[in-house]
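> What follows is the file structure01.txt, containing compact mmCIF, C-alpha atoms and all ligand atoms:
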# COMPACT_ATOMS: atom_id res chain seq x y z
CA MET A 196 0.00 0.00 0.00
CA SER A 197 1.53 3.27 -1.03
CA GLY A 198 0.54 6.86 -0.69
CA SER A 199 -0.44 9.50 1.74
CA ARG A 200 -2.98 9.85 4.50
CA ILE A 201 -5.18 12.87 4.86
CA SER A 202 -7.34 13.71 7.85
CA SER A 203 -10.21 16.08 8.01
CA SER A 204 -8.73 18.56 10.43
CA ALA A 205 -10.39 21.83 9.59
CA SER A 206 -7.12 23.68 9.13
CA LYS A 207 -6.10 21.30 6.37
CA ILE A 208 -9.14 21.44 4.21
CA GLU A 209 -10.71 24.82 4.62
CA GLY A 210 -9.63 27.60 2.35
CA ASP A 211 -9.28 28.52 -1.26
CA GLU A 212 -6.87 25.74 -2.18
CA CYS A 213 -9.76 23.27 -1.91
CA MET A 214 -11.86 25.15 -4.40
CA LEU A 215 -11.80 24.50 -8.11
CA SER A 216 -11.24 27.42 -10.44
CA GLN A 217 -13.53 27.86 -13.40
CA ALA A 218 -10.85 26.41 -15.67
CA GLU A 219 -10.25 23.39 -13.42
CA ASN A 220 -13.96 22.74 -13.21
CA GLN A 221 -14.14 22.60 -16.99
CA LEU A 222 -11.14 20.28 -17.20
CA LEU A 223 -12.68 17.95 -14.63
CA THR A 224 -16.20 17.82 -16.01
CA ARG A 225 -15.57 17.50 -19.75
CA ALA A 226 -14.93 14.00 -20.99
CA GLY A 227 -15.54 14.13 -24.73
CA PRO A 228 -12.98 13.13 -27.39
CA GLY A 229 -9.66 14.93 -27.01
CA THR A 230 -10.33 16.27 -23.51
CA LEU A 231 -7.96 15.69 -20.60
CA MET A 232 -10.47 13.64 -18.60
CA GLY A 233 -11.83 11.91 -21.69
CA GLU A 234 -8.37 10.53 -22.42
CA LEU A 235 -8.11 9.19 -18.87
CA PHE A 236 -11.45 7.39 -19.18
CA ARG A 237 -10.32 5.94 -22.51
CA ARG A 238 -7.54 4.01 -20.79
CA PHE A 239 -10.07 1.84 -18.91
CA TRP A 240 -12.54 -0.86 -19.74
CA LEU A 241 -15.86 0.87 -19.08
CA PRO A 242 -19.26 -0.72 -18.32
CA ALA A 243 -21.55 -0.11 -21.27
CA LEU A 244 -24.48 -2.47 -21.85
CA GLN A 245 -26.53 -4.95 -19.95
CA LEU A 246 -26.42 -8.45 -21.38
CA TRP A 247 -30.08 -8.38 -22.39
CA GLU A 248 -29.41 -5.43 -24.69
CA LEU A 249 -27.48 -7.74 -27.03
CA PRO A 250 -28.95 -11.11 -26.04
CA GLU A 251 -27.84 -13.38 -28.91
CA PRO A 252 -25.83 -13.59 -32.15
CA ASP A 253 -27.24 -11.46 -34.99
CA CYS A 254 -29.72 -9.71 -32.68
CA PRO A 255 -30.77 -6.12 -33.45
CA PRO A 256 -28.05 -3.51 -32.87
CA VAL A 257 -28.44 -0.85 -30.16
CA ARG A 258 -27.56 2.81 -29.97
CA PHE A 259 -25.23 3.84 -27.18
CA ARG A 260 -23.70 7.21 -26.31
CA ILE A 261 -20.60 7.35 -24.12
CA LEU A 262 -17.86 9.94 -23.58
CA GLY A 263 -19.65 12.20 -26.04
CA GLU A 264 -19.58 9.68 -28.89
CA ASP A 265 -22.61 8.15 -30.60
CA LEU A 266 -22.06 4.46 -31.24
CA VAL A 267 -23.98 1.42 -32.43
CA ALA A 268 -23.28 -1.86 -30.68
CA PHE A 269 -23.91 -5.20 -32.34
CA ARG A 270 -23.28 -8.87 -31.69
CA ASP A 271 -22.19 -10.81 -34.76
CA SER A 272 -22.95 -14.39 -35.83
CA GLU A 273 -20.08 -15.69 -33.69
CA GLY A 274 -21.34 -13.81 -30.61
CA ARG A 275 -18.59 -11.19 -30.71
CA VAL A 276 -19.50 -7.64 -29.66
CA ALA A 277 -18.26 -4.39 -31.17
CA PHE A 278 -19.19 -0.73 -31.00
CA LEU A 279 -19.18 1.06 -34.36
CA ARG A 280 -19.35 4.81 -34.71
CA GLU A 281 -23.01 5.43 -35.46
CA ASN A 282 -22.53 7.21 -38.78
CA CYS A 283 -21.66 4.95 -41.70
CA PRO A 284 -18.23 5.82 -43.13
CA HIS A 285 -19.78 6.07 -46.61
CA ARG A 286 -22.15 9.03 -46.28
CA GLY A 287 -23.16 9.01 -42.67
CA ALA A 288 -26.44 7.11 -42.45
CA SER A 289 -27.02 5.67 -39.00
CA LEU A 290 -25.84 2.11 -38.62
CA PHE A 291 -28.58 1.67 -36.03
CA PHE A 292 -30.83 0.85 -38.99
CA GLY A 293 -28.27 -1.69 -40.17
CA ARG A 294 -29.12 -5.28 -40.98
CA ASN A 295 -27.22 -7.65 -38.69
CA GLU A 296 -26.41 -10.53 -41.00
CA GLU A 297 -23.68 -13.15 -41.48
CA SER A 298 -20.75 -11.84 -39.39
CA GLY A 299 -21.32 -8.18 -40.04
CA LEU A 300 -23.62 -5.18 -39.88
CA ARG A 301 -24.86 -3.93 -43.27
CA CYS A 302 -25.80 -0.28 -43.72
CA VAL A 303 -29.25 -0.20 -45.30
CA TYR A 304 -28.56 2.92 -47.38
CA HIS A 305 -26.15 1.49 -50.00
CA GLY A 306 -25.34 -1.87 -48.47
CA TRP A 307 -21.79 -1.42 -47.19
CA LYS A 308 -21.11 -4.09 -44.60
CA PHE A 309 -18.70 -3.98 -41.64
CA ASP A 310 -17.41 -6.70 -39.35
CA VAL A 311 -16.48 -6.41 -35.66
CA SER A 312 -12.96 -5.28 -36.56
CA GLY A 313 -14.38 -2.35 -38.54
CA ALA A 314 -13.28 -3.84 -41.87
CA CYS A 315 -15.58 -3.21 -44.82
CA VAL A 316 -16.31 -6.75 -46.01
CA ASP A 317 -18.80 -5.91 -48.74
CA MET A 318 -19.37 -2.81 -50.88
CA PRO A 319 -22.08 -3.64 -53.42
CA SER A 320 -22.39 -0.04 -54.65
CA GLU A 321 -18.91 -0.17 -56.24
CA PRO A 322 -17.82 -2.18 -59.29
CA ALA A 323 -16.83 -5.75 -58.50
CA GLU A 324 -13.24 -5.13 -59.63
CA SER A 325 -12.85 -2.12 -57.30
CA ASN A 326 -10.58 -2.49 -54.27
CA PHE A 327 -12.08 0.60 -52.62
CA LYS A 328 -13.56 -1.48 -49.81
CA ALA A 329 -10.06 -2.49 -48.69
CA LYS A 330 -9.33 1.18 -48.05
CA VAL A 331 -12.41 1.92 -45.95
CA ARG A 332 -12.74 1.12 -42.28
CA ALA A 333 -15.46 1.92 -39.79
CA ALA A 334 -14.34 3.45 -36.52
CA VAL A 335 -14.80 0.67 -33.99
CA TYR A 336 -14.25 -0.04 -30.31
CA PRO A 337 -14.02 -3.56 -28.88
CA GLY A 338 -16.69 -4.90 -26.56
CA VAL A 339 -16.55 -7.89 -24.24
CA GLU A 340 -18.70 -9.70 -21.68
CA HIS A 341 -17.34 -9.69 -18.16
CA GLY A 342 -18.99 -9.85 -14.75
CA GLY A 343 -22.55 -9.85 -16.10
CA LEU A 344 -22.08 -6.75 -18.26
CA ILE A 345 -20.80 -5.75 -21.69
CA TRP A 346 -17.75 -3.50 -21.46
CA ILE A 347 -16.18 -1.15 -23.97
CA TYR A 348 -12.58 -0.08 -24.45
CA MET A 349 -12.13 3.22 -26.30
CA GLY A 350 -8.42 3.86 -25.95
CA PRO A 351 -5.41 3.19 -28.17
CA PRO A 352 -5.32 -0.53 -29.13
CA GLU A 353 -1.71 -0.89 -27.99
CA LYS A 354 -2.69 0.34 -24.52
CA GLN A 355 -5.66 -2.00 -24.05
CA PRO A 356 -5.42 -3.39 -20.50
CA PRO A 357 -6.59 -6.79 -19.24
CA LEU A 358 -10.14 -6.96 -17.92
CA PRO A 359 -10.32 -5.56 -14.39
CA HIS A 360 -10.87 -7.86 -11.41
CA TYR A 361 -13.55 -5.82 -9.69
CA HIS A 362 -14.68 -8.09 -6.90
CA TRP A 363 -18.09 -8.94 -8.28
CA CYS A 364 -16.50 -9.92 -11.60
CA ILE A 365 -14.35 -12.69 -10.23
CA GLN A 366 -15.71 -13.89 -6.92
CA PRO A 367 -17.85 -16.98 -6.38
CA LYS A 368 -21.61 -16.39 -6.55
CA SER A 369 -21.17 -13.29 -8.69
CA GLU A 370 -23.89 -14.70 -10.95
CA THR A 371 -26.43 -13.99 -8.19
CA LEU A 372 -25.80 -10.24 -8.40
CA ARG A 373 -28.05 -7.83 -10.25
CA VAL A 374 -26.91 -5.10 -12.60
CA TYR A 375 -28.96 -1.92 -12.83
CA LYS A 376 -28.37 0.81 -15.36
CA TRP A 377 -29.96 4.21 -15.80
CA MET A 378 -29.23 7.71 -16.98
CA GLN A 379 -28.59 10.73 -14.82
CA GLU A 380 -29.49 14.07 -16.32
CA SER A 381 -26.42 15.99 -15.23
CA ASN A 382 -22.68 15.98 -15.64
CA TRP A 383 -21.04 12.81 -14.33
CA VAL A 384 -19.02 14.47 -11.55
CA GLN A 385 -22.13 15.48 -9.61
CA GLY A 386 -23.40 11.92 -9.40
CA LEU A 387 -19.98 10.57 -8.55
CA GLU A 388 -19.49 13.07 -5.74
CA GLY A 389 -22.60 11.72 -4.04
CA ASN A 390 -21.01 8.28 -3.90
CA ILE A 391 -18.08 9.50 -1.80
CA ASP A 392 -20.17 11.69 0.45
CA THR A 393 -20.91 9.66 3.56
CA ALA A 394 -22.27 12.72 5.39
CA HIS A 395 -25.43 12.82 3.29
CA ILE A 396 -26.81 9.46 4.32
CA GLY A 397 -27.69 10.95 7.70
CA PHE A 398 -30.10 13.32 5.99
CA LEU A 399 -31.01 12.62 2.42
CA HIS A 400 -31.67 8.92 2.94
CA ARG A 401 -32.93 9.19 6.50
CA THR A 402 -36.36 8.66 7.92
CA LEU A 403 -37.50 10.91 10.74
CA ASP A 404 -37.43 8.07 13.26
CA GLN A 405 -33.69 7.76 12.52
CA MET A 406 -34.12 4.39 10.88
CA GLY A 407 -32.92 5.24 7.39
CA ALA A 408 -31.98 2.83 4.68
CA GLN A 409 -28.79 1.91 6.49
CA ARG A 410 -30.65 1.17 9.75
CA ILE A 411 -27.68 2.12 11.89
CA PRO A 412 -28.47 4.95 14.32
CA GLY A 413 -24.75 5.75 14.68
CA ASN A 414 -24.78 6.86 11.04
CA PHE A 415 -26.34 10.15 11.86
CA ASN A 416 -23.54 11.81 13.77
CA ALA A 417 -21.18 14.10 11.90
CA PRO A 418 -18.43 11.82 10.57
CA ARG A 419 -14.71 12.51 10.94
CA LEU A 420 -13.11 11.60 7.64
CA GLN A 421 -9.73 10.09 6.84
CA LEU A 422 -8.39 9.12 3.45
CA ILE A 423 -5.52 7.04 2.09
CA GLU A 424 -4.30 7.18 -1.49
CA THR A 425 -3.75 3.69 -2.90
CA GLU A 426 -2.65 1.96 -6.07
CA PHE A 427 -6.27 1.52 -7.19
CA GLY A 428 -7.41 5.02 -6.27
CA PHE A 429 -8.15 5.81 -2.67
CA VAL A 430 -10.11 4.63 0.31
CA TYR A 431 -11.83 6.99 2.65
CA GLY A 432 -13.42 6.26 5.97
CA GLY A 433 -16.04 8.06 8.02
CA ARG A 434 -15.62 7.61 11.77
CA ARG A 435 -18.58 8.24 14.02
CA ASP A 436 -18.63 8.21 17.82
CA ARG A 437 -20.92 5.74 19.51
CA PRO A 438 -22.50 5.98 22.98
CA GLU A 439 -20.76 2.68 23.76
CA GLY A 440 -17.45 4.59 23.67
CA ASP A 441 -16.08 3.10 20.47
CA TYR A 442 -16.47 4.12 16.82
CA TYR A 443 -18.62 3.18 13.90
CA TRP A 444 -16.41 3.19 10.79
CA ARG A 445 -17.61 3.09 7.20
CA LEU A 446 -14.85 2.64 4.62
CA THR A 447 -15.53 3.25 0.93
CA PRO A 448 -12.92 2.30 -1.67
CA PHE A 449 -12.82 4.42 -4.81
CA VAL A 450 -11.41 2.40 -7.69
CA LEU A 451 -10.45 4.03 -10.95
CA PRO A 452 -11.96 5.34 -13.01
CA THR A 453 -15.16 5.89 -10.92
CA PHE A 454 -16.13 2.69 -9.10
CA THR A 455 -17.20 3.09 -5.49
CA SER A 456 -18.11 0.23 -3.22
CA ILE A 457 -20.27 1.63 -0.46
CA PRO A 458 -20.63 -0.24 2.82
CA ASN A 459 -24.08 -1.53 3.58
CA PRO A 460 -24.49 -3.71 6.67
CA VAL A 461 -27.87 -5.05 5.59
CA TRP A 462 -27.25 -6.39 2.10
CA GLY A 463 -23.73 -5.30 1.28
CA GLY A 464 -21.43 -5.97 -1.64
CA GLY A 465 -21.47 -4.63 -5.16
CA GLY A 466 -20.89 -1.03 -6.02
CA LEU A 467 -21.54 1.79 -8.42
CA PHE A 468 -20.06 3.34 -11.53
CA VAL A 469 -20.85 6.78 -12.88
CA ILE A 470 -19.63 7.10 -16.47
CA PRO A 471 -19.91 10.19 -18.67
CA ARG A 472 -22.51 9.79 -21.41
CA ASP A 473 -21.78 13.29 -22.62
CA ASP A 474 -21.07 16.50 -20.71
CA THR A 475 -24.62 16.90 -19.41
CA THR A 476 -25.78 13.31 -18.90
CA SER A 477 -24.18 10.25 -17.35
CA TRP A 478 -24.65 6.51 -16.99
CA TRP A 479 -25.10 4.82 -13.66
CA PHE A 480 -24.33 1.15 -13.27
CA THR A 481 -25.05 -0.48 -9.94
CA ILE A 482 -24.05 -4.01 -9.11
CA SER A 483 -26.06 -5.28 -6.17
CA GLU A 484 -27.37 -8.30 -4.46
CA PRO A 485 -31.07 -8.88 -5.13
CA MET A 486 -33.36 -6.53 -3.25
CA PRO A 487 -33.95 -7.62 0.35
CA ALA A 488 -37.31 -9.02 1.41
CA TYR A 489 -38.34 -5.85 3.25
CA ALA A 490 -38.02 -3.70 0.12
CA THR A 491 -41.37 -2.38 -1.04
CA THR A 492 -40.21 -0.32 -4.03
CA PRO A 493 -38.10 -1.36 -7.02
CA TYR A 494 -34.41 -0.51 -6.85
CA VAL A 495 -34.74 1.84 -9.77
CA ASP A 496 -37.97 2.58 -11.63
CA LEU A 497 -37.56 3.59 -15.30
CA ILE A 498 -39.97 4.95 -17.88
CA PRO A 499 -40.46 1.92 -20.15
CA GLY A 500 -38.26 1.99 -23.24
CA THR A 501 -35.97 4.67 -21.78
CA TRP A 502 -33.11 4.94 -19.28
CA ARG A 503 -34.86 7.78 -17.49
CA GLN A 504 -36.24 7.43 -13.98
CA THR A 505 -40.01 7.65 -13.68
CA ARG A 506 -39.51 10.20 -10.93
CA ASN A 507 -37.44 12.89 -12.59
CA ARG A 508 -36.89 16.63 -12.59
CA GLU A 509 -39.85 17.32 -14.83
CA ASN A 510 -42.22 16.08 -12.13
CA ASP A 511 -40.03 17.26 -9.22
CA TYR A 512 -39.24 13.61 -8.51
CA MET A 513 -42.86 13.29 -7.32
CA ILE A 514 -41.95 14.87 -4.01
CA ASP A 515 -44.63 14.20 -1.42
CA ARG A 516 -44.78 17.06 1.09
CA GLU A 517 -46.88 15.04 3.51
CA MET A 518 -44.25 12.29 3.45
CA GLN A 519 -41.62 14.96 4.03
CA ARG A 520 -43.53 16.29 7.03
CA THR A 521 -44.21 12.95 8.66
CA TYR A 522 -41.85 10.26 7.35
CA ASN A 523 -38.50 11.29 5.89
CA TYR A 524 -36.42 14.37 5.15
CA SER A 525 -36.66 14.27 1.38
CA GLY A 526 -40.31 13.41 0.80
CA MET A 527 -39.11 11.14 -1.98
CA VAL A 528 -38.97 7.39 -2.29
CA THR A 529 -35.78 5.32 -2.78
CA ASN A 530 -32.14 6.29 -2.56
CA ARG A 531 -31.88 6.44 -6.35
CA VAL A 532 -34.56 9.12 -6.65
CA GLN A 533 -33.24 11.04 -3.65
CA ASP A 534 -29.69 11.05 -5.03
CA ALA A 535 -30.83 12.10 -8.50
CA ALA A 536 -32.98 14.93 -7.13
CA VAL A 537 -30.17 16.62 -5.23
CA THR A 538 -27.36 16.10 -7.74
CA GLU A 539 -29.41 16.92 -10.85
CA SER A 540 -30.83 19.99 -9.11
CA MET A 541 -27.33 21.52 -9.18
CA GLY A 542 -27.82 22.04 -12.92
CA ALA A 543 -26.34 20.38 -15.98
CA VAL A 544 -22.75 21.24 -15.00
CA TYR A 545 -22.41 22.89 -11.62
CA ASP A 546 -20.22 25.97 -11.25
CA ARG A 547 -17.97 24.79 -8.42
CA THR A 548 -16.52 28.24 -7.78
CA ARG A 549 -19.74 28.93 -5.85
CA GLU A 550 -19.31 26.15 -3.30
CA HIS A 551 -18.45 26.35 0.40
CA LEU A 552 -16.65 23.14 1.24
CA GLY A 553 -16.49 21.77 4.78
CA THR A 554 -14.65 19.02 6.59
CA SER A 555 -17.16 16.39 5.50
CA ASP A 556 -16.29 17.12 1.85
CA LEU A 557 -12.77 15.75 2.20
CA ALA A 558 -13.14 12.81 -0.16
CA ILE A 559 -14.81 14.94 -2.82
CA ILE A 560 -12.04 17.53 -2.66
CA PHE A 561 -9.44 14.80 -2.92
CA MET A 562 -11.17 12.97 -5.79
CA ARG A 563 -11.28 16.08 -7.97
CA ARG A 564 -7.60 16.87 -7.42
CA TYR A 565 -6.64 13.24 -7.83
CA LEU A 566 -8.41 12.72 -11.15
CA LEU A 567 -7.02 15.98 -12.52
CA ARG A 568 -3.54 14.92 -11.42
CA LEU A 569 -3.84 11.51 -13.09
CA ALA A 570 -5.21 13.03 -16.28
CA ARG A 571 -2.34 15.52 -16.45
CA GLN A 572 0.18 12.78 -15.76
CA LEU A 573 -1.31 10.70 -18.55
CA GLN A 574 -0.79 13.61 -20.88
CA GLU A 575 2.88 13.47 -19.88
CA GLY A 576 3.05 9.75 -20.63
CA ILE A 577 2.53 8.36 -17.13
CA GLU A 578 -0.11 5.63 -17.19
CA PRO A 579 -2.38 5.02 -14.16
CA ARG A 580 -0.67 2.47 -11.93
CA VAL A 581 -3.82 0.36 -11.48
CA LEU A 582 -3.77 -0.60 -15.16
CA SER A 583 -0.55 -2.54 -14.67
CA ASP A 584 -2.27 -5.37 -12.79
CA PRO A 585 -5.97 -6.30 -13.00
CA ARG A 586 -5.81 -7.73 -9.47
CA LEU A 587 -5.38 -4.22 -8.08
CA PHE A 588 -9.08 -3.63 -8.81
CA LEU A 589 -10.06 -6.17 -6.15
CA VAL A 590 -11.39 -4.30 -3.12
CA ARG A 591 -14.39 -4.35 -0.83
CA PRO A 592 -16.02 -1.87 1.54
CA VAL A 593 -15.81 -2.11 5.33
CA HIS A 594 -18.24 -1.29 8.10
CA ILE A 595 -17.10 -2.03 11.60
CA TYR A 596 -17.45 -1.08 15.27
CA THR A 597 -14.02 -0.71 16.80
CA GLU A 598 -11.96 1.29 19.25
CA GLU A 599 -9.36 1.87 16.53
CA ALA A 600 -9.19 5.59 15.79
CA ASP A 601 -7.06 5.38 12.64
CA LEU A 602 -8.17 4.41 9.17
CA ARG A 603 -5.00 2.74 7.93
CA PRO A 604 -4.81 -0.31 10.26
CA ILE A 605 -8.51 -1.02 9.75
CA TRP A 606 -8.19 -0.86 5.99
CA GLU A 607 -4.97 -2.84 5.74
CA ARG A 608 -6.25 -5.62 7.98
CA ASP A 609 -9.50 -6.02 6.09
CA HIS A 610 -7.92 -5.71 2.66
CA ALA A 611 -5.34 -8.39 3.46
CA GLU A 612 -8.12 -10.69 4.66
CA HIS A 613 -10.11 -10.00 1.50
CA LEU A 614 -7.19 -10.83 -0.77
CA ARG A 615 -6.81 -14.21 0.95
CA GLN A 616 -10.32 -15.27 -0.04
CA PRO A 617 -10.85 -17.58 -3.01
CA VAL A 618 -11.75 -16.13 -6.36
CA ALA A 619 -13.48 -17.75 -9.29
CA VAL A 620 -11.56 -18.03 -12.53
CA PRO A 621 -11.63 -14.59 -14.14
CA ALA A 622 -13.65 -14.28 -17.30
CA GLY A 623 -10.73 -12.85 -19.21
S1 LIG B 701 -24.34 5.65 -46.13
FE1 LIG B 701 -23.98 3.64 -45.48
S2 LIG B 701 -23.68 2.53 -47.30
FE2 LIG B 701 -24.01 4.56 -47.96
FE FE B 702 -26.98 8.78 -1.72
Would you write out, as structure tokens, the structure that this file holds?

Amino acid sequence: MSGSRISSSASKIEGDECMLSQAENQLLTRAGPGTLMGELFRRFWLPALQLWELPEPDCPPVRFRILGEDLVAFRDSEGRVAFLRENCPHRGASLFFGRNEESGLRCVYHGWKFDVSGACVDMPSEPAESNFKAKVRAAVYPGVEHGGLIWIYMGPPEKQPPLPHYHWCIQPKSETLRVYKWMQESNWVQGLEGNIDTAHIGFLHRTLDQMGAQRIPGNFNAPRLQLIETEFGFVYGGRRDRPEGDYYWRLTPFVLPTFTSIPNPVWGGGGLFVIPRDDTTSWWFTISEPMPAYATTPYVDLIPGTWRQTRNRENDYMIDREMQRTYNYSGMVTNRVQDAAVTESMGAVYDRTREHLGTSDLAIIFMRRYLLRLARQLQEGIEPRVLSDPRLFLVRPVHIYTEEADLRPIWERDHAEHLRQPVAVPAG
């Protein structure tokens, strides 16, 4: 374990150096082609599609936007997956309308056909003796199944890393997990910040009788935060005092590029990704155990045929003021709706020069600086360390009652124990 430790002493984190300038905010939030952060994302395998979106060979293709690019994913006759740029290289018709036939996707405008490598394998609009088709390639990104999802790699082919060993991808019983996907209608950083913001669970997700989703009364005290930089990203812990005289610790690992595994004592495991769709919308992927028996609402409720939550900003997330008066702080149902309401309400891309950051924002402050640092280093030719070994992605969250006041021994003990546990054979 390498790196530094940061505590949330007020003197260390208050002040202008924590704030992002307008220029830094733009660098952090923009992830389209050619941007600093976009290039960092393009070094990683990114979650993209649920398996049911491309269920079988030669099934219909699907549209998919990610990192500001419009793509069409298809599964060929051999079951291989690829993501083609949506516009046909001939004259730009959408390949979404393409016919998925023997080992390739055929544009329906003039019949050019492309395989999963992007090669043009048929060009019926040109004379038979022409070799023009050998000179044309579709822009393509590889796709692969791994851990119950379809992933995409959008970086330079020579830099393509092995598939990451996120814990749910390689551990026994991973097939029992559920994958949820939906779209957030704001820049990706806002959603991600909520996943490293332990202080909000004591309000946003809390019921008035103090039995919120986490069902741990100790959650509701102001946490003292500590953070350790690691090879995979960082881990931060929130320490809360308990009447018993010890502490309740919640440790959340942040694994590059944006995976967070949030402790949940009731039905723990899994984690969340927030991935830029474009600069003003983002994808959420949650990997969870099946909903517990006491759950009365679906994990995430989408408008059929869309990735949009039924409760969204156009209907004020169906806030119920009577519920807010008598039952919970937000007046909204489910963590997913509550999180979306607060982070989308900041606007499409929040102007972070207007913030007032406190001690409980430590992990958010660190994450922004950290990602900017890694993106700048990449520009100088320094690759993220985690990409050198897929096993570095293997982490789990921790929740524990202990008299230990320091984050590091708790994390190192649990992480060592985790790494000793058996893993299933990785998918790739
Ligand atoms: S635009 Fe696709 S074949 Fe002509
Ligand atoms: Fe939340």
> Under the rule that only C-alpha atoms are counted, which of A:Arg472, A:Arg280, A:His362, A:Lys376 is the nearest residue to Gly227 of chain A?
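Selected residue with least distance to Gly227 of chain A: A:Arg472.
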> Please check which protein, DNA or RNA residues sit within 6 Å of ligand LIG 701 (chain B), counting only C-alpha atoms and all ligand atoms, and write them as a list in words.
Cys283, His285, Arg286, Gly287, Ala288, Cys302, Tyr304, His305, Gly306 and Trp307 of chain A
> Those same residues - C-alpha atoms - I'd like them written as a PDB file, keeping the file's coordinate frame.

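What follows is the written file out28.pdb:
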ATOM      1  CA  CYS A 283     -21.660   4.950 -41.700  1.00  0.00           C
ATOM      2  CA  HIS A 285     -19.780   6.070 -46.610  1.00  0.00           C
ATOM      3  CA  ARG A 286     -22.150   9.030 -46.280  1.00  0.00           C
ATOM      4  CA  GLY A 287     -23.160   9.010 -42.670  1.00  0.00           C
ATOM      5  CA  ALA A 288     -26.440   7.110 -42.450  1.00  0.00           C
ATOM      6  CA  CYS A 302     -25.800  -0.280 -43.720  1.00  0.00           C
ATOM      7  CA  TYR A 304     -28.560   2.920 -47.380  1.00  0.00           C
ATOM      8  CA  HIS A 305     -26.150   1.490 -50.000  1.00  0.00           C
ATOM      9  CA  GLY A 306     -25.340  -1.870 -48.470  1.00  0.00           C
ATOM     10  CA  TRP A 307     -21.790  -1.420 -47.190  1.00  0.00           C
TER      11      TRP A 307
END
> Using atom CA of Ser477 of chain A and atom CA of Ile577 of chain A as the two end points, give the distance in Å to one decimal.
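Going from atom CA of Ser477 of chain A over to atom CA of Ile577 of chain A, I get 26.8 Å.
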> In Å, with one decimal, what is the gap from atom CA of Gly389 of chain A to atom CA of Arg586 of chain A?
26.3 Å
> Name the residues, by chain letter and number, that sit within 7 Å of ligand FE 702 (chain B) using only C-alpha atoms and all ligand atoms, and give them as a ChimeraX atom specification.
/A:389-390,395-396,399-400,530,533-534
> Which residues, protein or nucleic acid, reach to within 6 Å of (-20.0, 14.9, -22.1) in the file's coordinates when using only C-alpha atoms, and can you give that as a PyMOL selection string?
chain A and resi 225-227+262-263+471-475
> Show which residues sit within 8 Å of segment 611-615 of chain A, as a ChimeraX atom specification. Count only C-alpha atoms, and ignore same-chain residues fewer than 6 positions away.
/A:589-591
> Between A:Gly299, A:Pro228, A:Gly542, A:Gly440, single out the one closest to Ser381 of chain A, counting all atoms listed in the file.
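Going through A:Gly299, A:Pro228, A:Gly542, A:Gly440 one by one, the smallest distance to Ser381 of chain A is for A:Gly542.
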> Skipping near chain neighbours, those fewer than 4 positions away, what residues fall within 9 Å of Leu246 of chain A using all atoms listed in the file, listed as a ChimeraX atom specification?
/A:250,340,343-345
